[in-house]
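*Asks:* Got a structure for you, input34.cif, holding mmCIF, C-alpha atoms and all ligand atoms.
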```cif
data_data
#
loop_
_atom_site.label_atom_id
_atom_site.label_comp_id
_atom_site.auth_asym_id
_atom_site.auth_seq_id
_atom_site.Cartn_x
_atom_site.Cartn_y
_atom_site.Cartn_z
CA MET V 22 -1.02 30.10 11.88
CA SER V 23 0.72 27.86 9.39
CA ASN V 24 4.41 27.20 9.78
CA PHE V 25 4.70 27.07 5.98
CA LYS V 26 4.93 30.73 5.01
CA TYR V 27 6.56 33.03 2.50
CA ARG V 28 9.55 34.83 3.90
CA LYS V 29 11.51 37.14 1.67
CA ASP V 30 11.26 35.58 -1.79
CA GLU V 31 10.24 32.04 -1.02
CA MET V 32 8.32 29.66 1.18
CA TYR V 33 9.80 28.36 4.39
CA ALA V 34 8.96 25.50 6.70
CA GLU V 35 9.63 27.12 10.07
CA ASP V 36 13.13 28.60 9.58
CA VAL V 37 14.20 26.43 6.67
CA ALA V 38 13.76 27.43 3.03
CA LEU V 39 11.89 24.74 1.12
CA SER V 40 14.27 25.15 -1.83
CA ARG V 41 17.12 24.13 0.46
CA ILE V 42 15.29 20.94 1.46
CA ALA V 43 14.58 20.16 -2.20
CA GLU V 44 18.25 20.66 -2.98
CA VAL V 45 19.41 18.28 -0.25
CA ALA V 46 16.64 15.66 -0.29
CA GLY V 47 15.57 15.87 -3.93
CA THR V 48 11.95 15.92 -5.10
CA PRO V 49 9.25 14.82 -4.66
CA VAL V 50 9.59 15.04 -0.90
CA TYR V 51 7.17 15.37 2.02
CA VAL V 52 8.13 18.03 4.54
CA TYR V 53 6.65 18.05 8.04
CA SER V 54 6.87 20.83 10.59
CA ALA V 55 7.44 19.70 14.17
CA GLY V 56 6.23 23.12 15.30
CA GLU V 57 2.95 22.72 13.44
CA LEU V 58 2.43 19.21 14.88
CA THR V 59 3.06 20.64 18.33
CA GLU V 60 0.62 23.50 17.80
CA SER V 61 -2.16 21.23 16.52
CA TYR V 62 -1.66 18.75 19.34
CA THR V 63 -1.65 21.51 21.94
CA ARG V 64 -4.74 23.16 20.47
CA PHE V 65 -6.60 19.83 20.46
CA SER V 66 -5.65 18.71 23.95
CA SER V 67 -6.06 22.18 25.50
CA ALA V 68 -9.58 22.47 24.07
CA LEU V 69 -10.49 19.17 25.74
CA ALA V 70 -8.91 20.20 29.03
CA THR V 71 -10.64 23.60 28.95
CA ALA V 72 -13.97 21.82 28.45
CA GLY V 73 -13.20 19.95 31.68
CA LEU V 74 -12.77 16.57 30.01
CA ASN V 75 -10.62 13.76 31.34
CA ALA V 76 -9.07 12.89 27.98
CA ARG V 77 -6.27 10.95 26.38
CA VAL V 78 -5.32 11.72 22.80
CA CYS V 79 -4.23 8.66 20.80
CA PHE V 80 -2.92 9.83 17.43
CA ALA V 81 -4.45 7.78 14.58
CA MET V 82 -1.22 6.56 13.07
CA LYS V 83 -2.87 5.61 9.81
CA ALA V 84 -2.72 9.32 8.97
CA ASN V 85 1.06 9.47 9.29
CA SER V 86 3.14 6.68 10.74
CA ASN V 87 6.64 8.01 10.27
CA ILE V 88 8.41 7.22 13.53
CA ALA V 89 9.88 10.72 13.82
CA VAL V 90 6.36 12.17 13.55
CA ILE V 91 5.04 9.71 16.14
CA ARG V 92 7.93 10.58 18.46
CA THR V 93 7.19 14.30 18.11
CA LEU V 94 3.61 13.68 19.21
CA SER V 95 4.39 11.12 21.89
CA ASP V 96 6.91 13.55 23.44
CA LEU V 97 3.94 15.88 23.89
CA GLY V 98 1.95 13.15 25.65
CA ALA V 99 0.07 11.55 22.76
CA GLY V 100 -0.72 7.87 22.73
CA ALA V 101 -1.41 5.95 19.51
CA ASP V 102 -4.38 4.42 17.74
CA VAL V 103 -3.07 1.51 15.67
CA VAL V 104 -4.78 -0.71 13.12
CA SER V 105 -2.16 -3.35 12.39
CA GLY V 106 0.77 -5.20 13.87
CA GLY V 107 3.01 -3.00 11.74
CA GLU V 108 1.62 0.21 13.21
CA LEU V 109 1.96 -1.30 16.68
CA GLU V 110 5.62 -2.03 16.00
CA ARG V 111 6.13 1.54 14.81
CA ALA V 112 4.37 3.03 17.86
CA LEU V 113 6.57 1.03 20.21
CA ALA V 114 9.70 1.86 18.17
CA ALA V 115 8.82 5.55 18.42
CA GLY V 116 8.62 5.24 22.21
CA VAL V 117 4.85 5.15 22.83
CA SER V 118 4.13 3.08 25.91
CA GLY V 119 1.90 0.03 25.49
CA SER V 120 -0.69 1.35 27.92
CA ALA V 121 -1.19 4.45 25.70
CA ILE V 122 -2.07 2.35 22.64
CA VAL V 123 -5.53 1.40 21.40
CA PHE V 124 -5.96 -1.20 18.68
CA SER V 125 -8.75 -0.50 16.17
CA GLY V 126 -9.72 -2.22 12.93
CA VAL V 127 -12.19 -4.78 11.63
CA GLY V 128 -9.80 -7.62 10.94
CA LYS V 129 -7.23 -8.15 13.66
CA THR V 130 -5.55 -11.52 13.22
CA PRO V 131 -4.81 -13.84 16.15
CA GLY V 132 -1.11 -13.09 15.59
CA GLU V 133 -1.71 -9.35 15.88
CA MET V 134 -3.77 -9.93 19.02
CA ARG V 135 -0.89 -11.87 20.59
CA GLN V 136 1.57 -9.16 19.59
CA ALA V 137 -0.64 -6.47 21.19
CA ILE V 138 -1.25 -8.47 24.37
CA SER V 139 2.51 -9.01 24.74
CA ALA V 140 2.94 -5.23 24.47
CA SER V 141 0.30 -4.75 27.22
CA ILE V 142 -1.70 -2.28 25.15
CA GLY V 143 -4.38 -0.18 26.83
CA GLN V 144 -7.46 -1.27 24.92
CA PHE V 145 -8.78 -3.35 22.04
CA ASN V 146 -11.67 -1.89 20.05
CA VAL V 147 -13.57 -4.97 18.98
CA GLU V 148 -15.75 -4.79 15.88
CA SER V 149 -17.61 -8.11 15.69
CA VAL V 150 -18.73 -11.13 17.70
CA PRO V 151 -16.27 -13.53 16.02
CA GLU V 152 -13.46 -11.11 16.83
CA LEU V 153 -14.66 -10.97 20.44
CA GLU V 154 -14.54 -14.74 20.68
CA MET V 155 -11.11 -14.93 19.07
CA LEU V 156 -9.71 -12.27 21.41
CA SER V 157 -11.10 -14.11 24.42
CA TYR V 158 -9.48 -17.33 23.17
CA VAL V 159 -6.08 -15.68 22.49
CA ALA V 160 -6.06 -13.71 25.77
CA THR V 161 -6.97 -16.79 27.79
CA SER V 162 -4.28 -18.85 26.09
CA MET V 163 -1.76 -16.21 27.20
CA GLY V 164 -3.16 -16.00 30.74
CA ALA V 165 -4.10 -12.36 30.11
CA ASN V 166 -7.16 -10.26 30.81
CA VAL V 167 -7.60 -7.38 28.37
CA ASP V 168 -9.74 -4.23 28.46
CA ILE V 169 -12.02 -3.93 25.50
CA ALA V 170 -14.47 -1.55 23.91
CA ILE V 171 -17.06 -2.73 21.46
CA ARG V 172 -17.09 -0.36 18.51
CA VAL V 173 -20.68 0.51 17.86
CA ASN V 174 -22.11 1.69 14.60
CA PRO V 175 -24.63 4.42 15.50
CA ASP V 176 -26.12 4.65 12.00
CA VAL V 177 -25.24 8.32 11.57
CA ASP V 178 -24.28 9.79 8.22
CA ALA V 179 -21.13 11.85 8.66
CA ASN V 180 -21.86 13.91 5.51
CA THR V 181 -18.38 13.35 4.20
CA HIS V 182 -16.92 11.62 1.14
CA HIS V 183 -18.62 8.22 0.84
CA LYS V 184 -15.27 6.39 0.83
CA ILE V 185 -14.37 7.73 4.27
CA SER V 186 -17.78 7.45 5.92
CA THR V 187 -17.88 4.70 8.50
CA GLY V 188 -20.90 5.12 10.77
CA ARG V 189 -23.83 4.21 8.55
CA GLN V 190 -25.59 0.89 8.97
CA GLU V 191 -24.38 -0.32 5.57
CA ASP V 192 -20.72 0.39 6.44
CA LYS V 193 -18.52 -2.53 7.48
CA PHE V 194 -17.48 -0.97 10.77
CA GLY V 195 -18.53 -1.80 14.31
CA VAL V 196 -21.64 -3.59 15.50
CA ASP V 197 -25.14 -2.28 15.08
CA ILE V 198 -25.83 -0.12 18.14
CA ALA V 199 -29.23 -1.77 18.52
CA ARG V 200 -27.48 -5.09 19.14
CA ALA V 201 -24.86 -3.69 21.53
CA GLY V 202 -26.69 -4.74 24.73
CA GLU V 203 -26.75 -8.35 23.64
CA ILE V 204 -23.09 -8.30 22.58
CA TYR V 205 -21.89 -6.74 25.86
CA ALA V 206 -23.85 -9.46 27.68
CA ARG V 207 -22.03 -12.06 25.62
CA ALA V 208 -18.65 -10.33 26.25
CA ALA V 209 -19.27 -10.40 29.99
CA THR V 210 -19.52 -14.19 29.91
CA LEU V 211 -16.22 -14.66 28.05
CA PRO V 212 -12.95 -15.23 29.92
CA GLY V 213 -9.87 -13.06 29.32
CA ILE V 214 -11.71 -9.91 28.36
CA ALA V 215 -13.15 -7.01 30.35
CA PRO V 216 -15.79 -4.95 28.54
CA VAL V 217 -15.11 -1.59 30.16
CA SER V 218 -15.46 0.80 27.26
CA VAL V 219 -17.53 1.82 24.22
CA ALA V 220 -15.95 3.01 20.96
CA VAL V 221 -17.40 4.97 18.07
CA HIS V 222 -15.95 6.55 14.93
CA ILE V 223 -18.29 7.77 12.23
CA GLY V 224 -15.97 8.97 9.49
CA SER V 225 -13.16 11.27 8.52
CA GLN V 226 -12.91 14.89 7.34
CA LEU V 227 -16.15 15.94 9.04
CA THR V 228 -16.85 19.59 8.42
CA ASP V 229 -20.20 19.57 10.16
CA ILE V 230 -20.53 19.08 13.89
CA ALA V 231 -24.10 17.74 13.90
CA PRO V 232 -23.22 14.10 13.09
CA PHE V 233 -20.82 14.01 16.05
CA ARG V 234 -23.63 15.26 18.28
CA ALA V 235 -26.02 12.58 17.03
CA ALA V 236 -23.44 9.79 17.42
CA PHE V 237 -22.20 10.82 20.87
CA ALA V 238 -25.76 11.27 22.16
CA ARG V 239 -26.55 7.69 21.08
CA VAL V 240 -23.40 6.43 22.77
CA ALA V 241 -24.35 8.26 26.00
CA GLU V 242 -27.75 6.53 25.99
CA LEU V 243 -26.06 3.20 25.43
CA VAL V 244 -23.66 3.72 28.35
CA THR V 245 -26.60 4.37 30.65
CA GLU V 246 -28.31 1.20 29.44
CA LEU V 247 -25.17 -0.89 29.76
CA ARG V 248 -24.53 0.35 33.27
CA ALA V 249 -28.13 -0.46 34.21
CA ALA V 250 -27.46 -3.97 32.92
CA GLY V 251 -24.53 -4.25 35.33
CA HIS V 252 -21.56 -3.48 33.05
CA ASN V 253 -18.78 -1.39 34.50
CA ILE V 254 -18.31 1.05 31.61
CA HIS V 255 -15.77 3.66 32.63
CA LYS V 256 -14.07 4.54 29.35
CA LEU V 257 -15.27 5.93 26.01
CA ASP V 258 -13.35 6.10 22.76
CA LEU V 259 -14.88 8.80 20.58
CA GLY V 260 -12.70 8.16 17.52
CA GLY V 261 -11.30 10.85 15.24
CA GLY V 262 -12.80 12.58 12.27
CA LEU V 263 -12.56 16.31 12.90
CA GLY V 264 -11.93 17.87 9.51
CA ILE V 265 -9.40 20.45 8.38
CA ASP V 266 -9.66 23.34 5.96
CA TYR V 267 -8.29 22.25 2.58
CA GLY V 268 -9.43 25.55 1.15
CA GLY V 269 -13.10 24.70 0.65
CA HIS V 270 -15.31 23.77 3.60
CA THR V 271 -14.43 25.27 6.95
CA PRO V 272 -14.56 22.71 9.73
CA PRO V 273 -15.93 23.58 13.16
CA PRO V 274 -13.33 24.93 15.61
CA VAL V 275 -11.96 22.31 17.98
CA GLU V 276 -13.38 24.30 20.92
CA ASP V 277 -16.92 23.71 19.58
CA TYR V 278 -16.14 20.03 19.19
CA ALA V 279 -14.87 19.85 22.79
CA ALA V 280 -17.94 21.70 24.08
CA LEU V 281 -20.20 19.27 22.25
CA VAL V 282 -18.35 16.30 23.73
CA SER V 283 -18.80 17.81 27.16
CA GLU V 284 -22.54 18.35 26.57
CA THR V 285 -23.20 14.87 25.26
CA VAL V 286 -20.98 12.57 27.34
CA GLY V 287 -19.32 14.86 29.91
CA ASP V 288 -21.59 13.81 32.77
CA LEU V 289 -20.88 10.09 32.46
CA GLY V 290 -17.63 10.25 34.44
CA CYS V 291 -15.78 8.25 31.80
CA GLU V 292 -12.15 8.56 30.84
CA LEU V 293 -12.27 9.67 27.21
CA ILE V 294 -10.03 8.59 24.36
CA PHE V 295 -9.78 10.58 21.12
CA GLU V 296 -8.20 9.31 17.92
CA PRO V 297 -7.51 12.37 15.76
CA GLY V 298 -5.33 11.76 12.72
CA ARG V 299 -5.89 14.36 10.03
CA TYR V 300 -6.43 17.25 12.46
CA LEU V 301 -2.99 16.73 13.99
CA ALA V 302 -0.94 15.81 10.94
CA GLY V 303 -2.70 17.22 7.85
CA PRO V 304 -1.71 20.90 8.03
CA ALA V 305 1.73 19.93 9.37
CA GLY V 306 2.92 18.56 6.03
CA VAL V 307 3.45 19.63 2.44
CA LEU V 308 4.61 17.79 -0.62
CA ILE V 309 7.29 19.55 -2.64
CA THR V 310 7.46 18.72 -6.30
CA GLN V 311 9.30 20.08 -9.31
CA VAL V 312 7.92 20.97 -12.72
CA ILE V 313 9.48 18.66 -15.31
CA TYR V 314 7.78 20.07 -18.40
CA VAL V 315 5.32 22.73 -19.30
CA LYS V 316 3.02 21.57 -22.06
CA GLU V 317 0.76 24.03 -23.80
CA ALA V 318 -1.93 21.98 -25.50
CA GLU V 319 -4.80 23.15 -27.70
CA VAL V 320 -7.26 23.66 -24.86
CA ARG V 321 -5.27 23.24 -21.63
CA ARG V 322 -2.02 24.30 -20.11
CA PHE V 323 -0.27 21.47 -18.24
CA ALA V 324 2.45 21.59 -15.63
CA ILE V 325 3.87 18.07 -15.58
CA VAL V 326 5.47 17.57 -12.18
CA ASP V 327 7.74 14.93 -10.69
CA ALA V 328 5.22 13.87 -8.02
CA ALA V 329 2.47 11.50 -9.06
CA MET V 330 -0.58 9.65 -7.78
CA ASN V 331 1.72 7.03 -6.26
CA ASP V 332 3.17 9.73 -3.98
CA LEU V 333 -0.12 11.47 -3.09
CA ILE V 334 -3.20 9.50 -4.05
CA ARG V 335 -5.89 11.62 -2.41
CA PRO V 336 -6.84 13.66 -5.51
CA ALA V 337 -7.13 10.51 -7.65
CA LEU V 338 -8.98 8.49 -5.03
CA TYR V 339 -11.29 11.01 -3.39
CA ASP V 340 -11.18 13.97 -5.81
CA ALA V 341 -9.45 15.71 -2.93
CA ILE V 342 -8.10 19.20 -3.37
CA HIS V 343 -4.67 20.14 -2.09
CA ARG V 344 -3.88 23.81 -2.65
CA ILE V 345 -0.85 24.21 -4.88
CA GLU V 346 1.51 27.16 -4.63
CA THR V 347 4.94 28.00 -5.92
CA VAL V 348 7.89 27.79 -3.53
CA ARG V 349 9.07 31.06 -5.04
CA ARG V 350 6.88 33.94 -3.84
CA PRO V 351 4.64 34.84 -6.78
CA VAL V 352 4.19 38.39 -7.94
CA THR V 353 0.48 38.57 -7.21
CA ASP V 354 -0.88 40.04 -10.41
CA THR V 355 0.79 37.36 -12.52
CA LEU V 356 -1.46 34.48 -11.47
CA ILE V 357 -2.85 32.52 -14.40
CA HIS V 358 -6.00 30.64 -13.49
CA ASP V 359 -5.78 27.70 -15.78
CA TRP V 360 -2.92 25.41 -14.90
CA ASP V 361 -3.59 21.70 -14.84
CA VAL V 362 -1.01 20.15 -12.54
CA VAL V 363 -0.43 16.52 -13.47
CA GLY V 364 1.98 13.73 -12.65
CA PRO V 365 3.92 11.45 -15.02
CA VAL V 366 1.96 8.23 -14.30
CA CYS V 367 0.13 6.73 -17.25
CA GLU V 368 -3.41 7.34 -16.03
CA ALA V 369 -5.70 10.31 -16.59
CA GLY V 370 -6.45 10.12 -12.87
CA ASP V 371 -2.90 11.20 -12.15
CA THR V 372 -4.05 14.81 -11.93
CA PHE V 373 -3.47 16.96 -8.85
CA ALA V 374 -5.48 20.00 -9.88
CA LYS V 375 -7.33 21.47 -12.83
CA GLY V 376 -7.60 25.18 -13.53
CA CYS V 377 -5.22 26.01 -10.75
CA PRO V 378 -4.24 29.68 -10.18
CA LEU V 379 -0.46 29.75 -10.47
CA PRO V 380 2.02 32.23 -11.93
CA PRO V 381 3.74 31.51 -15.25
CA LEU V 382 5.71 28.30 -14.70
CA ALA V 383 8.91 27.10 -16.21
CA GLU V 384 10.71 23.79 -16.05
CA GLY V 385 12.46 23.36 -12.72
CA GLU V 386 9.94 25.48 -10.79
CA LEU V 387 9.26 24.07 -7.30
CA LEU V 388 5.65 23.68 -6.23
CA VAL V 389 4.13 22.94 -2.87
CA MET V 390 0.98 20.90 -2.25
CA ARG V 391 -0.46 21.89 1.08
CA ASP V 392 -2.12 19.94 3.87
CA ALA V 393 -0.46 16.73 2.80
CA GLY V 394 0.76 15.63 6.23
CA ALA V 395 -2.14 13.21 6.72
CA TYR V 396 -2.88 10.29 4.39
CA GLY V 397 -0.04 11.41 2.13
CA ALA V 398 3.21 9.47 2.50
CA VAL V 399 1.42 6.63 4.32
CA MET V 400 -0.63 5.93 1.22
CA SER V 401 2.30 6.22 -1.18
CA SER V 402 3.34 3.29 -3.31
CA VAL V 403 5.88 2.37 -5.95
CA TYR V 404 3.33 2.17 -8.78
CA ASN V 405 5.02 2.54 -12.18
CA SER V 406 8.21 1.43 -10.36
CA ARG V 407 8.68 4.95 -9.13
CA ALA V 408 10.86 5.45 -6.06
CA LEU V 409 9.06 5.47 -2.72
CA VAL V 410 8.85 9.12 -1.75
CA ALA V 411 11.17 10.62 0.90
CA GLU V 412 10.10 12.44 4.07
CA VAL V 413 11.76 15.27 5.97
CA LEU V 414 11.04 16.66 9.43
CA VAL V 415 11.81 20.29 10.20
CA HIS V 416 12.34 21.75 13.65
CA ARG V 417 13.15 25.47 13.71
CA ASP V 418 16.28 25.85 11.57
CA SER V 419 17.11 22.15 11.42
CA PHE V 420 15.84 19.39 9.20
CA THR V 421 16.42 15.67 8.89
CA ILE V 422 15.51 13.18 6.19
CA VAL V 423 13.33 10.88 8.28
CA ARG V 424 12.55 8.47 5.45
CA ALA V 425 15.06 8.06 2.70
CA ARG V 426 13.81 7.81 -0.87
CA GLN V 427 13.58 4.10 -1.67
CA GLU V 428 15.02 3.57 -5.12
CA PRO V 429 13.75 0.79 -7.41
CA ALA V 430 16.92 -1.25 -6.81
CA VAL V 431 15.82 -1.60 -3.17
CA PHE V 432 12.39 -3.01 -3.86
CA MET V 433 13.58 -4.99 -6.85
CA GLY V 434 15.93 -6.66 -4.38
CA TYR V 435 12.87 -8.49 -3.01
CA GLU V 436 12.05 -9.95 -6.41
CA ASN V 437 13.67 -12.83 -8.24
CA LEU V 438 13.11 -14.97 -11.26
CA ALA V 439 11.14 -18.19 -10.84
CA ASP V 440 13.19 -21.37 -10.33
CA TRP V 441 12.78 -22.46 -13.96
CA GLN V 442 13.84 -19.11 -15.40
CA HIS V 443 17.49 -19.21 -14.43
N1 LIG B 1 -10.15 6.18 14.30
C1 LIG B 1 -10.58 5.26 13.41
C2 LIG B 1 -11.18 4.02 13.92
C3 LIG B 1 -10.47 5.50 12.03
O1 LIG B 1 -10.91 4.60 11.17
C4 LIG B 1 -9.88 6.71 11.58
C5 LIG B 1 -9.72 6.99 10.15
C6 LIG B 1 -9.42 7.63 12.55
C7 LIG B 1 -9.59 7.33 13.90
C8 LIG B 1 -8.77 8.92 12.18
O2 LIG B 1 -9.64 9.75 11.50
P1 LIG B 1 -9.22 11.26 11.19
O3 LIG B 1 -9.13 11.99 12.51
O4 LIG B 1 -7.93 11.24 10.51
O5 LIG B 1 -10.31 11.78 10.34
N2 LIG B 1 -7.42 7.97 3.53
C9 LIG B 1 -8.56 8.84 3.78
C10 LIG B 1 -8.98 8.87 5.24
C11 LIG B 1 -9.27 7.51 5.82
C12 LIG B 1 -9.68 7.57 7.25
C13 LIG B 1 -9.80 6.21 7.84
N3 LIG B 1 -10.08 6.17 9.24
C14 LIG B 1 -8.23 10.23 3.25
O6 LIG B 1 -7.17 10.43 2.70
O7 LIG B 1 -9.06 11.13 3.35
#
```
Represent the structure from my file as structure tokens, please.
Ligand code: LLP

*Replies:*
Amino acid sequence: MSNFKYRKDEMYAEDVALSRIAEVAGTPVYVYSAGELTESYTRFSSALATAGLNARVCFAMKANSNIAVIRTLSDLGAGADVVSGGELERALAAGVSGSAIVFSGVGKTPGEMRQAISASIGQFNVESVPELEMLSYVATSMGANVDIAIRVNPDVDANTHHKISTGRQEDKFGVDIARAGEIYARAATLPGIAPVSVAVHIGSQLTDIAPFRAAFARVAELVTELRAAGHNIHKLDLGGGLGIDYGGHTPPPVEDYAALVSETVGDLGCELIFEPGRYLAGPAGVLITQVIYVKEAEVRRFAIVDAAMNDLIRPALYDAIHRIETVRRPVTDTLIHDWDVVGPVCEAGDTFAKGCPLPPLAEGELLVMRDAGAYGAVMSSVYNSRALVAEVLVHRDSFTIVRARQEPAVFMGYENLADWQH
């Protein structure tokens, strides 16, 4: 059940009216529900426990790296999946312990490796032979021995948007699973690293469970082969990817996902790591925006809002759909099915929705874009020199601005004229 619901005449986040948040924090603003984060986390981890799996959930921080969001999840027991030194810093600042952090990504720099080794992180997911060699070199130079997984590419099509598909042979991620044996053999000869784990992640927003089954079955075969070759594989990182319902495709229930994990890799006796991002954070956030103008053109009816593609880029980048509703409870038979909701940025791609069913709108009307808690604020920018969007976290009847709106004066403060221009 969503924590963003109509109560009386308007939509609430938990026990706080969204109009009140807009009044205090201004718009556009992301609003997250701590209750919703808690429910998603609990649903995910309970499904794994019920399936009898020995699992650790490391939230994929790329989906939402606000430190108040990370703290909410880490208080529930979540670790973190990080992909940069910056995310590592945030995870530690939010109170995640080093041992509960995994470091993913195709291009870790030696500096980031050092930073992660100093933080005693739990595992590196290594994606290439040169990276393996560099990590061995850095770890040895620090007198450390680090646990690693090799991320394998199982050549499985996740049947998702091509820009977020990662497990096909042509994708840049991981090493070809057919070459894994040879690469583990190489890893075993290198000092400073202990190849104890296998990692896989085939893509994001999967609404079909079959690709997970194919990928995990291949990983299970690989573990058996690696063990036969003498490697002590006792951990598996199964990545993230479980989709959410944006109002179109219905993803499989998490219980089916957990059952499938149990069927494919449950007998291997491995400690399992999961890296869900969208599943935990997506439905826990909305973006509130305000209508600036209503423009009735010859063929279309536009609601021009104060959020833009720089605040939420998913529709422009992936043709993603985020359901749009009014904050004010609509009188149901007044829905007009032809609103185009667009932002003020000077690009045709700055369009949130076309032909959207909304009631008659006037200037000043507050709208809500749903399921924006994942890959929303984290992908925001200051394009068009627009302020960096603010974020609010709600818990029952309280709310806090957990990222202040960054006004242009702040980022202009990092710019200056060239020496010869003074
Ligand atoms: N683990 C790894 C190694 C990943 O690359 C990702 C996402 C995840 C876990 C988390 O996946 P999730 O559970 O959130 O599906 N910006 C895009 C999504 C990019 C996903 C990148 N990797 C979007 O807005 O749809």

*Asks:* Looking at only C-alpha atoms, which of V:Asp332, V:Asp418, V:Glu412, V:Glu436 is the one that sits closest to Ile88 (chain V)?

*Replies:*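 Looking at the shortest contact to Ile88 (chain V), the residue is V:Glu412.
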
*Asks:* At a cut-off of 9 Å and counting all atoms listed in the file, what residues surround ligand LIG 1 (chain B)? Please answer as number ranges by chain.

*Replies:* V: 79-84, 102-104, 124-126, 146, 172, 182, 184-187, 194, 220-227, 259-265, 295-303, 334-336, 338-339, 341, 395-397, 399-400

*Asks:* With C-alpha atoms kept, could you save the residues just selected as a PDB file, in the frame of the given file?

*Replies:*
```
ATOM      1  CA  CYS V  79      -4.230   8.660  20.800  1.00  0.00           C
ATOM      2  CA  PHE V  80      -2.920   9.830  17.430  1.00  0.00           C
ATOM      3  CA  ALA V  81      -4.450   7.780  14.580  1.00  0.00           C
ATOM      4  CA  MET V  82      -1.220   6.560  13.070  1.00  0.00           C
ATOM      5  CA  LYS V  83      -2.870   5.610   9.810  1.00  0.00           C
ATOM      6  CA  ALA V  84      -2.720   9.320   8.970  1.00  0.00           C
ATOM      7  CA  ASP V 102      -4.380   4.420  17.740  1.00  0.00           C
ATOM      8  CA  VAL V 103      -3.070   1.510  15.670  1.00  0.00           C
ATOM      9  CA  VAL V 104      -4.780  -0.710  13.120  1.00  0.00           C
ATOM     10  CA  PHE V 124      -5.960  -1.200  18.680  1.00  0.00           C
ATOM     11  CA  SER V 125      -8.750  -0.500  16.170  1.00  0.00           C
ATOM     12  CA  GLY V 126      -9.720  -2.220  12.930  1.00  0.00           C
ATOM     13  CA  ASN V 146     -11.670  -1.890  20.050  1.00  0.00           C
ATOM     14  CA  ARG V 172     -17.090  -0.360  18.510  1.00  0.00           C
ATOM     15  CA  HIS V 182     -16.920  11.620   1.140  1.00  0.00           C
ATOM     16  CA  LYS V 184     -15.270   6.390   0.830  1.00  0.00           C
ATOM     17  CA  ILE V 185     -14.370   7.730   4.270  1.00  0.00           C
ATOM     18  CA  SER V 186     -17.780   7.450   5.920  1.00  0.00           C
ATOM     19  CA  THR V 187     -17.880   4.700   8.500  1.00  0.00           C
ATOM     20  CA  PHE V 194     -17.480  -0.970  10.770  1.00  0.00           C
ATOM     21  CA  ALA V 220     -15.950   3.010  20.960  1.00  0.00           C
ATOM     22  CA  VAL V 221     -17.400   4.970  18.070  1.00  0.00           C
ATOM     23  CA  HIS V 222     -15.950   6.550  14.930  1.00  0.00           C
ATOM     24  CA  ILE V 223     -18.290   7.770  12.230  1.00  0.00           C
ATOM     25  CA  GLY V 224     -15.970   8.970   9.490  1.00  0.00           C
ATOM     26  CA  SER V 225     -13.160  11.270   8.520  1.00  0.00           C
ATOM     27  CA  GLN V 226     -12.910  14.890   7.340  1.00  0.00           C
ATOM     28  CA  LEU V 227     -16.150  15.940   9.040  1.00  0.00           C
ATOM     29  CA  LEU V 259     -14.880   8.800  20.580  1.00  0.00           C
ATOM     30  CA  GLY V 260     -12.700   8.160  17.520  1.00  0.00           C
ATOM     31  CA  GLY V 261     -11.300  10.850  15.240  1.00  0.00           C
ATOM     32  CA  GLY V 262     -12.800  12.580  12.270  1.00  0.00           C
ATOM     33  CA  LEU V 263     -12.560  16.310  12.900  1.00  0.00           C
ATOM     34  CA  GLY V 264     -11.930  17.870   9.510  1.00  0.00           C
ATOM     35  CA  ILE V 265      -9.400  20.450   8.380  1.00  0.00           C
ATOM     36  CA  PHE V 295      -9.780  10.580  21.120  1.00  0.00           C
ATOM     37  CA  GLU V 296      -8.200   9.310  17.920  1.00  0.00           C
ATOM     38  CA  PRO V 297      -7.510  12.370  15.760  1.00  0.00           C
ATOM     39  CA  GLY V 298      -5.330  11.760  12.720  1.00  0.00           C
ATOM     40  CA  ARG V 299      -5.890  14.360  10.030  1.00  0.00           C
ATOM     41  CA  TYR V 300      -6.430  17.250  12.460  1.00  0.00           C
ATOM     42  CA  LEU V 301      -2.990  16.730  13.990  1.00  0.00           C
ATOM     43  CA  ALA V 302      -0.940  15.810  10.940  1.00  0.00           C
ATOM     44  CA  GLY V 303      -2.700  17.220   7.850  1.00  0.00           C
ATOM     45  CA  ILE V 334      -3.200   9.500  -4.050  1.00  0.00           C
ATOM     46  CA  ARG V 335      -5.890  11.620  -2.410  1.00  0.00           C
ATOM     47  CA  PRO V 336      -6.840  13.660  -5.510  1.00  0.00           C
ATOM     48  CA  LEU V 338      -8.980   8.490  -5.030  1.00  0.00           C
ATOM     49  CA  TYR V 339     -11.290  11.010  -3.390  1.00  0.00           C
ATOM     50  CA  ALA V 341      -9.450  15.710  -2.930  1.00  0.00           C
ATOM     51  CA  ALA V 395      -2.140  13.210   6.720  1.00  0.00           C
ATOM     52  CA  TYR V 396      -2.880  10.290   4.390  1.00  0.00           C
ATOM     53  CA  GLY V 397      -0.040  11.410   2.130  1.00  0.00           C
ATOM     54  CA  VAL V 399       1.420   6.630   4.320  1.00  0.00           C
ATOM     55  CA  MET V 400      -0.630   5.930   1.220  1.00  0.00           C
TER      56      MET V 400
END
```

*Asks:* Within 12 Å of (-14.0, 0.0, 27.6), in the coordinates the file gives, what residues turn up when you count all atoms listed in the file, written out as an MDAnalysis selection string?

*Replies:* chainID V and resid 123 143:147 167:173 205 208:209 214:221 244 247:248 252:259 291:294

*Asks:* Between V:Val127, V:Ile357, V:Ala140, V:Ala99, which residue has the minimum interatomic distance to Lys193 (chain V), considering only C-alpha atoms?

*Replies:*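 Counting only C-alpha atoms, the residue closest to Lys193 (chain V) is V:Val127.
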
*Asks:* For Pro175 (chain V), which of V:Gln190, V:Ser406, V:Ser419, V:Ser162 is the closest residue, counting all atoms listed in the file?

*Replies:*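 That would be V:Gln190, the residue with the smallest distance to Pro175 (chain V).
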